[in-house]
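For reference, the structure discussed in these notes is given below.
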Amino acid sequence: MPLQTIIIPDHITSLPNASRAKDIIDRAHQHINSYTATTNAVIHNFVHCDFELVNQALTWIQDNHILTGNNFCELGSGFGVAALLATHHGLNAVGIEIEPILVDQATNLAASLDLATTFYNGSFIPRNVSDLQDIQQAAAEVEHVSTLEDDIYDEIGITFDEFDLFFAFPWPGEEHFFESVFHACAADGACLLTYQGRNGMHLTRQL
Ligand SMILES: C[S@@+](CC[C@H](N)C(=O)[O-])C[C@H]1O[C@@H](n2cnc3c(N)ncnc32)[C@H](O)[C@@H]1O
């Protein structure tokens, strides 16, 4: 079955960001700036998305009752801001990140904002994928995603096919990899939201 694209209208960019969301975003920028100013460690695959736009997309998704349930997962969560915003929007949100230092940073940020978002250290690619061949083909084309498989979903206590919304920020040209994992492993009705830089937000549903 193909994935179904759900068009997010361009006018979401004029949706107001609520004051609590602005507070989360401001604090996240301060946190990221202070981290990057005080560390020499360069995390090659980390770059953050447009948090305001992610918040506007989440607002639109919730206002239009797009989701079939409440479970949210940020795939490759970095500082975890999309997951923090999802918690603010009433979702049961987690983030999965392969770099331990970023998991610590996201966890500290969540605590400082008093948000109950949990971050896990591991690979978001689930073990025992049924359609592994498709994923392996797509994995051969990605440079910025670790293609290790992991059983992190056991630790989370929510399987991949129990999540209702995933968010990811793929590097340009690597969108297909995220769609392959999503297509192989997500439940019918689940959605994948991706930030695609100049091309904005893209939303797709598993049929
Ligand atoms: C482009 S950054 C996006 C960060 C964050 N989602 C955002 O939008 O601000 C991608 C992140 O994915 C992480 N990553 C790469 N491969 C991963 C994997 N297999 N499992 C978990 N995280 C991964 C990288 O370390 C990096 O922090």
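Identifiers for the structure tokens are assigned positionally: chains receive A, B, ... in sequence, residues are indexed from 1 per chain, and ligands are indexed from 1 in the order shown.
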inquiry  = Quick one: residues within 8 Å of Trp171 of chain A, only C-alpha atoms, excluding same-chain residues fewer than 4 positions away - as a PyMOL selection string?
reply    = chain A and resi 144+175+196
ask   = Can you tell me, as a PyMOL selection string, what residues are no more than 8 Å from Glu52 of chain A when counting only C-alpha atoms, ignoring any on the same chain fewer than 6 positions away?
value = chain A and resi 17+22+25
With N, CA, C and O atoms retained, could you export that selection as a PDB file, in the first residue's frame?
```pdb
ATOM      1  N   ASN A  17       2.035  31.118  17.641  1.00  0.00           N
ATOM      2  CA  ASN A  17       2.636  30.167  18.571  1.00  0.00           C
ATOM      3  C   ASN A  17       2.244  30.607  19.987  1.00  0.00           C
ATOM      4  O   ASN A  17       2.486  31.753  20.370  1.00  0.00           O
ATOM      5  N   LYS A  22       6.202  29.328  22.802  1.00  0.00           N
ATOM      6  CA  LYS A  22       7.297  30.306  22.596  1.00  0.00           C
ATOM      7  C   LYS A  22       8.339  30.161  23.694  1.00  0.00           C
ATOM      8  O   LYS A  22       9.546  30.243  23.438  1.00  0.00           O
ATOM      9  N   ILE A  25      10.463  27.147  22.984  1.00  0.00           N
ATOM     10  CA  ILE A  25      11.375  27.392  21.851  1.00  0.00           C
ATOM     11  C   ILE A  25      12.507  28.339  22.264  1.00  0.00           C
ATOM     12  O   ILE A  25      13.682  28.102  21.951  1.00  0.00           O
TER      13      ILE A  25
END
```
request  = Name the residues, by chain letter and number, that sit within 7 Å of ligand 1 using only C-alpha atoms and all ligand atoms, and give them as an NGL selection string.
outcome  = :A and (43 or 45-49 or 74-82 or 96-99 or 102 or 122-125 or 144-148 or 168-171)
key: For Asn92 of chain A, the nearest of the candidates A:Asp104, A:Asp164, A:Asp150, A:Glu174, counting only C-alpha atoms   =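 Once distances to Asn92 of chain A are computed over only C-alpha atoms, the minimum belongs to A:Asp164.
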task = Report as a PyMOL selection string: the residues of segment 5-182 of chain A with a DSSP assignment of alpha helix (DSSP H), based on the backbone of this structure.
result = chain A and resi 19-38+51-63+81-88+100-112+132-139+152-156+175-182
d(atom CA of Phe119 of chain A, atom CA of Ile7 of chain A) in Å =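 Computed distance, atom CA of Phe119 of chain A to atom CA of Ile7 of chain A, equals 29.2 Å.
Every protein, DNA or RNA residue with an atom at most 9 Å from Phe166 of chain A, where only C-alpha atoms count and chain neighbours fewer than 2 positions away do not, is listed here: Asn71, Phe72, Cys73, Glu74, Leu75, Phe163, Asp164, Ala168, Phe182, Ala190, Cys191, Leu192, Leu193 and Thr194 of chain A.
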message = Would you pick out the contacts of Leu58 of chain A at 10 Å or less, using only C-alpha atoms, so that residues sharing its chain but fewer than 3 positions from it are not included, and give the list as a list in words?
response =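 Final neighbour list, sorted by chain and number: Ile12, Glu52, Leu53, Val54, Asn55, Ile61, Gln62, Asp63, Asn64, Ile66, Ala82, Leu85, Ala86, His88, His89 and Leu193 of chain A.
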With N, CA, C and O atoms retained, could you export that selection as a CSV table (one decimal), in the first residue's frame?
```
chain,number,residue,atom,x,y,z
A,12,ILE,N,-0.3,27.7,7.6
A,12,ILE,CA,0.1,27.4,9.0
A,12,ILE,C,1.2,28.4,9.5
A,12,ILE,O,1.3,28.6,10.7
A,52,GLU,N,9.6,26.8,15.4
A,52,GLU,CA,8.3,27.5,15.2
A,52,GLU,C,7.4,26.8,14.2
A,52,GLU,O,6.2,26.6,14.5
A,53,LEU,N,8.0,26.4,13.1
A,53,LEU,CA,7.2,25.7,12.0
A,53,LEU,C,6.7,24.4,12.5
A,53,LEU,O,5.6,24.0,12.2
A,54,VAL,N,7.6,23.6,13.3
A,54,VAL,CA,7.1,22.4,13.8
A,54,VAL,C,5.9,22.6,14.7
A,54,VAL,O,4.9,21.9,14.7
A,55,ASN,N,6.0,23.6,15.6
A,55,ASN,CA,4.9,23.9,16.5
A,55,ASN,C,3.7,24.2,15.7
A,55,ASN,O,2.6,23.8,16.1
A,61,ILE,N,-2.2,19.9,13.1
A,61,ILE,CA,-2.5,18.5,13.2
A,61,ILE,C,-3.5,18.2,14.3
A,61,ILE,O,-4.5,17.5,14.1
A,62,GLN,N,-3.3,18.9,15.4
A,62,GLN,CA,-4.3,18.7,16.5
A,62,GLN,C,-5.6,19.3,16.3
A,62,GLN,O,-6.6,18.8,16.5
A,63,ASP,N,-5.6,20.6,15.7
A,63,ASP,CA,-6.8,21.3,15.4
A,63,ASP,C,-7.7,20.5,14.4
A,63,ASP,O,-8.9,20.6,14.4
A,64,ASN,N,-7.0,19.8,13.5
A,64,ASN,CA,-7.8,19.0,12.5
A,64,ASN,C,-7.9,17.6,12.8
A,64,ASN,O,-8.4,16.8,11.9
A,66,ILE,N,-6.1,14.9,13.1
A,66,ILE,CA,-5.5,14.0,12.1
A,66,ILE,C,-5.1,12.7,12.7
A,66,ILE,O,-5.1,11.7,12.0
A,82,ALA,N,11.1,19.0,19.2
A,82,ALA,CA,9.8,18.6,18.6
A,82,ALA,C,9.0,17.7,19.6
A,82,ALA,O,7.8,17.9,19.8
A,85,LEU,N,7.6,20.0,22.3
A,85,LEU,CA,6.4,20.7,21.8
A,85,LEU,C,5.2,19.7,21.7
A,85,LEU,O,4.1,20.1,22.0
A,86,ALA,N,5.5,18.5,21.3
A,86,ALA,CA,4.4,17.5,21.2
A,86,ALA,C,3.8,17.3,22.6
A,86,ALA,O,2.6,17.1,22.8
A,88,HIS,N,3.7,19.5,25.0
A,88,HIS,CA,2.9,20.7,25.2
A,88,HIS,C,1.6,20.6,24.5
A,88,HIS,O,0.5,21.1,25.0
A,89,HIS,N,1.5,19.9,23.4
A,89,HIS,CA,0.2,19.7,22.6
A,89,HIS,C,-0.6,18.5,23.1
A,89,HIS,O,-1.5,18.1,22.5
A,193,LEU,N,5.6,13.0,10.1
A,193,LEU,CA,5.8,14.4,9.8
A,193,LEU,C,7.3,14.7,9.7
A,193,LEU,O,8.1,14.3,10.5
```
Nearest to Asp188 of chain A, chosen from A:Asp10, A:Thr107, A:Leu165, A:His44, with only C-alpha atoms counted in the distances =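 Answer, going by the shortest atom-to-atom distance: A:Leu165.
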